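Below: start29.cif (mmCIF, C-alpha atoms)
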data_model
#
loop_
_atom_site.label_atom_id
_atom_site.label_comp_id
_atom_site.auth_asym_id
_atom_site.auth_seq_id
_atom_site.Cartn_x
_atom_site.Cartn_y
_atom_site.Cartn_z
CA ALA A 1 104.13 61.76 29.56
CA GLN A 2 104.83 60.05 32.82
CA SER A 3 107.02 60.79 35.79
CA VAL A 4 108.04 59.19 39.00
CA THR A 5 108.03 61.08 42.27
CA GLN A 6 109.80 59.89 45.37
CA LEU A 7 108.83 61.79 48.50
CA GLY A 8 111.83 62.60 50.65
CA SER A 9 115.37 62.69 49.38
CA HIS A 10 116.71 61.54 52.75
CA VAL A 11 115.17 59.25 55.34
CA SER A 12 116.68 58.42 58.71
CA VAL A 13 115.44 55.36 60.58
CA SER A 14 116.51 53.62 63.74
CA GLU A 15 117.73 50.07 63.55
CA GLY A 16 114.71 47.81 64.03
CA ALA A 17 112.18 50.45 63.00
CA LEU A 18 109.88 50.42 60.00
CA VAL A 19 111.30 51.60 56.70
CA LEU A 20 108.77 53.36 54.44
CA LEU A 21 109.80 54.89 51.13
CA ARG A 22 107.16 56.55 49.01
CA CYS A 23 106.81 56.43 45.25
CA ASN A 24 104.06 57.85 43.08
CA TYR A 25 103.83 57.66 39.33
CA SER A 26 101.77 59.61 36.88
CA SER A 27 100.30 57.58 34.09
CA SER A 28 96.86 56.90 32.72
CA VAL A 29 97.72 53.24 32.33
CA PRO A 30 99.60 51.37 35.07
CA PRO A 31 103.16 50.79 33.94
CA TYR A 32 105.58 48.15 35.08
CA LEU A 33 107.05 49.31 38.40
CA PHE A 34 110.39 48.61 40.00
CA TRP A 35 112.40 49.39 43.11
CA TYR A 36 116.18 49.34 42.84
CA VAL A 37 118.83 49.77 45.52
CA GLN A 38 122.26 51.31 45.09
CA TYR A 39 124.98 50.69 47.64
CA PRO A 40 127.93 53.11 47.74
CA ASN A 41 130.16 52.95 44.68
CA GLN A 42 128.09 50.24 43.06
CA GLY A 43 125.56 49.87 40.30
CA LEU A 44 121.86 49.35 40.86
CA GLN A 45 120.35 46.08 42.02
CA LEU A 46 116.72 45.06 41.65
CA LEU A 47 114.78 44.81 44.92
CA LEU A 48 111.38 43.92 43.51
CA LYS A 49 109.02 44.59 40.64
CA TYR A 50 105.33 44.74 39.83
CA THR A 51 104.11 43.60 36.44
CA THR A 52 100.63 42.13 36.79
CA GLY A 53 98.68 40.07 39.29
CA ALA A 54 99.12 40.31 43.04
CA THR A 55 99.46 43.90 44.15
CA LEU A 56 101.63 43.10 47.17
CA VAL A 57 105.05 42.24 45.91
CA LYS A 58 107.81 40.71 47.99
CA GLY A 59 111.44 41.28 47.16
CA ILE A 60 114.88 40.55 48.46
CA ASN A 61 116.26 41.44 51.90
CA GLY A 62 112.80 41.54 53.50
CA PHE A 63 111.43 44.40 51.41
CA GLU A 64 107.95 44.52 49.96
CA ALA A 65 105.86 47.01 48.03
CA GLU A 66 102.18 47.45 47.35
CA PHE A 67 100.80 48.65 44.04
CA LYS A 68 97.75 50.86 44.58
CA LYS A 69 96.20 51.85 41.28
CA SER A 70 93.68 54.24 42.85
CA GLU A 71 96.52 56.16 44.49
CA THR A 72 99.03 55.68 41.66
CA SER A 73 101.51 54.60 44.32
CA PHE A 74 104.09 51.88 44.81
CA HIS A 75 105.49 52.45 48.29
CA LEU A 76 108.36 50.32 49.59
CA THR A 77 108.42 48.98 53.14
CA LYS A 78 110.51 46.82 55.42
CA PRO A 79 109.23 46.01 58.92
CA SER A 80 112.58 46.18 60.68
CA ALA A 81 115.55 48.18 59.43
CA HIS A 82 119.03 46.72 59.52
CA MET A 83 122.28 48.61 59.35
CA SER A 84 122.96 46.96 55.99
CA ASP A 85 119.87 48.70 54.54
CA ALA A 86 121.74 52.00 54.40
CA ALA A 87 121.77 52.82 50.70
CA GLU A 88 120.00 54.85 48.05
CA TYR A 89 116.70 53.56 46.75
CA PHE A 90 115.14 54.30 43.39
CA CYS A 91 111.63 53.77 42.13
CA ALA A 92 111.31 53.27 38.37
CA VAL A 93 108.71 52.69 35.67
CA ILE A 94 108.94 51.45 32.12
CA ARG A 95 106.56 51.91 29.26
CA GLY A 96 107.30 51.31 25.62
CA GLY A 97 111.00 50.78 26.17
CA LYS A 98 111.60 53.99 28.09
CA PHE A 99 112.66 53.80 31.69
CA GLN A 100 112.09 56.65 34.11
CA PHE A 101 113.61 56.73 37.56
CA GLY A 102 112.70 58.78 40.57
CA ALA A 103 115.28 61.13 42.08
CA GLY A 104 116.13 58.59 44.76
CA THR A 105 115.84 58.37 48.54
CA GLN A 106 118.95 58.06 50.67
CA VAL A 107 118.32 55.87 53.70
CA VAL A 108 120.42 56.29 56.81
CA VAL A 109 120.09 53.71 59.58
CA THR A 110 121.07 54.76 63.09
CA PRO A 111 121.92 52.34 65.92
CA GLU B 1 129.26 34.83 35.35
CA ALA B 2 126.41 36.96 33.98
CA GLN B 3 127.52 40.54 33.87
CA VAL B 4 127.54 43.93 32.22
CA THR B 5 130.99 45.44 31.82
CA GLN B 6 131.89 49.05 31.15
CA ASN B 7 135.21 50.62 30.24
CA PRO B 8 136.81 52.75 31.35
CA ARG B 9 135.64 53.01 34.95
CA TYR B 10 137.13 56.45 35.39
CA LEU B 11 137.90 59.03 32.74
CA ILE B 12 139.11 62.61 32.90
CA THR B 13 139.14 64.45 29.61
CA VAL B 14 139.06 67.92 28.14
CA THR B 15 136.29 69.79 26.39
CA GLY B 16 135.86 68.77 22.77
CA LYS B 17 137.97 65.62 22.76
CA LYS B 18 135.90 62.75 21.40
CA LEU B 19 135.54 59.73 23.64
CA THR B 20 133.79 56.36 23.70
CA VAL B 21 132.61 54.41 26.71
CA THR B 22 132.18 50.75 25.93
CA CYS B 23 129.45 48.50 27.30
CA SER B 24 129.23 44.75 26.84
CA GLN B 25 126.87 42.09 28.21
CA ASN B 26 127.18 38.32 28.12
CA MET B 27 123.54 37.41 28.76
CA ASN B 28 122.27 37.57 25.16
CA HIS B 29 119.93 40.37 26.20
CA GLU B 30 117.95 42.20 23.55
CA TYR B 31 117.48 45.44 25.48
CA MET B 32 120.36 47.74 26.40
CA SER B 33 120.35 51.24 27.77
CA TRP B 34 122.56 54.10 28.91
CA TYR B 35 121.88 56.33 31.90
CA ARG B 36 123.54 59.23 33.57
CA GLN B 37 123.29 59.75 37.31
CA ASP B 38 123.51 63.20 38.82
CA PRO B 39 122.92 64.16 42.48
CA GLY B 40 119.29 64.98 43.16
CA LEU B 41 118.18 63.91 39.69
CA GLY B 42 118.33 60.15 39.95
CA LEU B 43 119.08 58.24 36.78
CA ARG B 44 118.08 59.69 33.46
CA GLN B 45 117.95 57.59 30.34
CA ILE B 46 120.16 58.76 27.48
CA TYR B 47 119.53 56.16 24.76
CA TYR B 48 118.19 52.67 24.61
CA SER B 49 118.21 49.83 22.13
CA MET B 50 115.60 47.11 21.76
CA ASN B 51 117.77 45.03 19.45
CA VAL B 52 120.60 45.12 16.94
CA GLU B 53 120.43 48.21 14.72
CA VAL B 54 117.44 49.53 16.70
CA THR B 55 118.13 52.53 18.93
CA ASP B 56 115.97 55.29 20.32
CA LYS B 57 116.31 58.43 22.38
CA GLY B 58 115.70 58.54 26.07
CA ASP B 59 115.03 61.69 28.05
CA VAL B 60 118.48 63.32 27.73
CA PRO B 61 120.04 62.33 24.36
CA GLU B 62 121.61 65.69 23.43
CA GLY B 63 125.38 65.47 23.01
CA TYR B 64 125.49 61.68 22.87
CA LYS B 65 125.50 59.01 20.19
CA VAL B 66 125.12 55.26 20.36
CA SER B 67 125.30 52.31 18.03
CA ARG B 68 124.19 48.69 18.26
CA LYS B 69 125.99 46.68 15.62
CA GLU B 70 126.25 43.54 17.73
CA LYS B 71 123.83 42.23 20.31
CA ARG B 72 126.37 42.21 23.12
CA ASN B 73 127.85 45.70 22.67
CA PHE B 74 126.33 49.15 23.07
CA PRO B 75 128.98 51.89 23.10
CA LEU B 76 128.24 55.46 24.17
CA ILE B 77 129.97 58.14 22.12
CA LEU B 78 130.55 61.74 23.13
CA GLU B 79 131.76 63.45 19.99
CA SER B 80 132.50 66.82 21.62
CA PRO B 81 132.26 66.50 25.39
CA SER B 82 131.39 69.53 27.48
CA PRO B 83 131.68 70.12 31.23
CA ASN B 84 127.92 69.62 31.70
CA GLN B 85 128.43 66.00 30.67
CA THR B 86 130.50 65.38 33.77
CA SER B 87 128.54 62.64 35.44
CA LEU B 88 128.35 58.99 36.48
CA TYR B 89 127.25 56.80 33.59
CA PHE B 90 125.64 53.39 33.79
CA CYS B 91 124.97 50.84 31.11
CA ALA B 92 122.24 48.27 31.65
CA SER B 93 120.74 45.31 29.82
CA SER B 94 117.63 43.18 30.15
CA GLY B 95 115.75 40.44 28.38
CA GLY B 96 113.10 42.81 27.11
CA THR B 97 110.97 45.86 27.81
CA GLY B 98 108.28 44.25 29.91
CA GLY B 99 108.79 43.33 33.49
CA TYR B 100 112.35 42.15 32.95
CA GLU B 101 115.03 43.00 35.46
CA GLN B 102 117.73 45.36 34.25
CA TYR B 103 121.30 44.36 35.03
CA PHE B 104 123.57 47.32 35.58
CA GLY B 105 127.23 47.75 34.90
CA PRO B 106 129.57 49.13 37.57
CA GLY B 107 129.48 52.68 36.23
CA THR B 108 131.88 55.06 34.51
CA ARG B 109 132.75 58.29 36.26
CA LEU B 110 133.46 60.92 33.62
CA THR B 111 134.96 64.33 34.30
CA VAL B 112 135.15 66.87 31.48
CA THR B 113 137.34 69.91 32.19
#

Write-out of the structure in structure tokens:
Amino acid sequence: AQSVTQLGSHVSVSEGALVLLRCNYSSSVPPYLFWYVQYPNQGLQLLLKYTTGATLVKGINGFEAEFKKSETSFHLTKPSAHMSDAAEYFCAVIRGGKFQFGAGTQVVVTP
Amino acid sequence: EAQVTQNPRYLITVTGKKLTVTCSQNMNHEYMSWYRQDPGLGLRQIYYSMNVEVTDKGDVPEGYKVSRKEKRNFPLILESPSPNQTSLYFCASSGGTGGYEQYFGPGTRLTVT
């Protein structure tokens, strides 16, 4: 069995500050890892993904994530928050056809 | 335009009245999936399909049925809806089960009274 844990259901950041969203997975074998973003009243949109190869993955809108096998983590960062980053963010894994999502982290950006 | 469509977008129904939520994709994707989204629980997978006539249970399949008779369509059927199935439902499709991006539909907000 595997699960995805996102630390912090709500994160508040100041505009221009670092955004750090934490994701840990439990699995004996590294799965494929994803970060999705959901803006209000919309579906989910892929930010970035890790499959194989380079452990630092760059995505859209200035986000990046680093896969750390030893820590079973895939934390999402953005150096400088923008007001448009206010949304809910989901970490997800897939193995064998089954997707599992974390509970989500709501990001609020304050001026 | 590549997209996943769902209908209806909003539905209010009563306990026990059978309903179907349709999902269609125009990207010739093999993989399709249904999720429900509830506050504090994220998205939970209901059913998924790796290809035509191939479906499998996700983490929360109880009370739901699906079918995949055509590659583009993957309807979700609630034969006897109950209030605990009130939720926001998303359909998604992708090119496969590896590192493929999932494309999500706009969601269907279902209320069962």

Using only C-alpha atoms, which protein or nucleic acid residues come within 7 Å of stretch 11-21 of chain A? Drop anything in the same chain fewer than 4 positions from it, and give the result as a list in words.
His75, Leu76, Thr77, Lys78, Pro79, Ser80, Ala81, His82, Met83, Thr105, Gln106, Val107, Val108, Val109, Thr110 and Pro111 of chain A

When you get a sec, could you note down which chain B residues fall within 10 Å of chain A, using all atoms listed in the file, as a ChimeraX atom specification?
/B:31-33,35,37-50,56-59,89-92,96-107

Between atom CA of B:Gln3 and atom CA of B:Ser93, what is the distance, to one decimal in Å?
9.2 Å

Which residues are close to A:Asn24, i.e. within 6 Å by only C-alpha atoms, leaving aside same-chain residues fewer than 5 positions away? Reply as a PDB file with C-alpha atoms, keeping the file's coordinate frame.
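Below is the file that was written, result-v7.pdb:
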ATOM      1  CA  VAL A   4     108.040  59.190  39.000  1.00  0.00           C
ATOM      2  CA  THR A   5     108.030  61.080  42.270  1.00  0.00           C
ATOM      3  CA  THR A  72      99.030  55.680  41.660  1.00  0.00           C
ATOM      4  CA  SER A  73     101.510  54.600  44.320  1.00  0.00           C
TER       5      SER A  73
END

So that I can check the surroundings of B:Ser87, please list as an mmCIF file with C-alpha atoms, in the coordinates of the input every protein, DNA and RNA residue that reaches within 9 Å of it, counting all atoms listed in the file and ignoring chain neighbours fewer than 4 positions away.
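In the end it all went to part04.cif:
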data_model
loop_
_atom_site.group_PDB
_atom_site.id
_atom_site.type_symbol
_atom_site.label_atom_id
_atom_site.label_comp_id
_atom_site.auth_asym_id
_atom_site.auth_seq_id
_atom_site.Cartn_x
_atom_site.Cartn_y
_atom_site.Cartn_z
ATOM 1 C CA ARG B 36 123.540 59.230 33.570
ATOM 2 C CA GLN B 37 123.290 59.750 37.310
ATOM 3 C CA ASP B 38 123.510 63.200 38.820
ATOM 4 C CA THR B 108 131.880 55.060 34.510
ATOM 5 C CA ARG B 109 132.750 58.290 36.260
ATOM 6 C CA LEU B 110 133.460 60.920 33.620
ATOM 7 C CA THR B 111 134.960 64.330 34.300
ATOM 8 C CA VAL B 112 135.150 66.870 31.480
#

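With distances taken over all atoms listed in the file, A:Trp35 is the one residue among A:Trp35, A:Ala87, A:His10, A:Ser27 lying closest to A:Phe63.
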
Quick one, how far is atom CA of A:Thr55 from atom CA of B:Glu30?
27.7 Å

List every protein, DNA or RNA residue with an atom no more than 10 Å from (128.4, 49.2, 20.8) in the file's coordinates, counting all atoms listed in the file, and format the result as a list in words.
Thr20, Val21, Thr22, Cys23, Ser24, Met32, Val52, Val66, Ser67, Arg68, Lys69, Glu70, Lys71, Arg72, Asn73, Phe74, Pro75, Leu76 and Ile77 of chain B

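Counting from atom CA of A:Asp85, the distance to atom CA of A:Tyr39 is 8.8 Å.
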
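Here the selection is built from all atoms listed in the file, and the residues within 8 Å of (124.7, 37.9, 29.6) turn out to be B:Glu1, B:Ala2, B:Gln3, B:Val4, B:Gln25, B:Asn26, B:Met27, B:Asn28, B:His29, B:Arg72.
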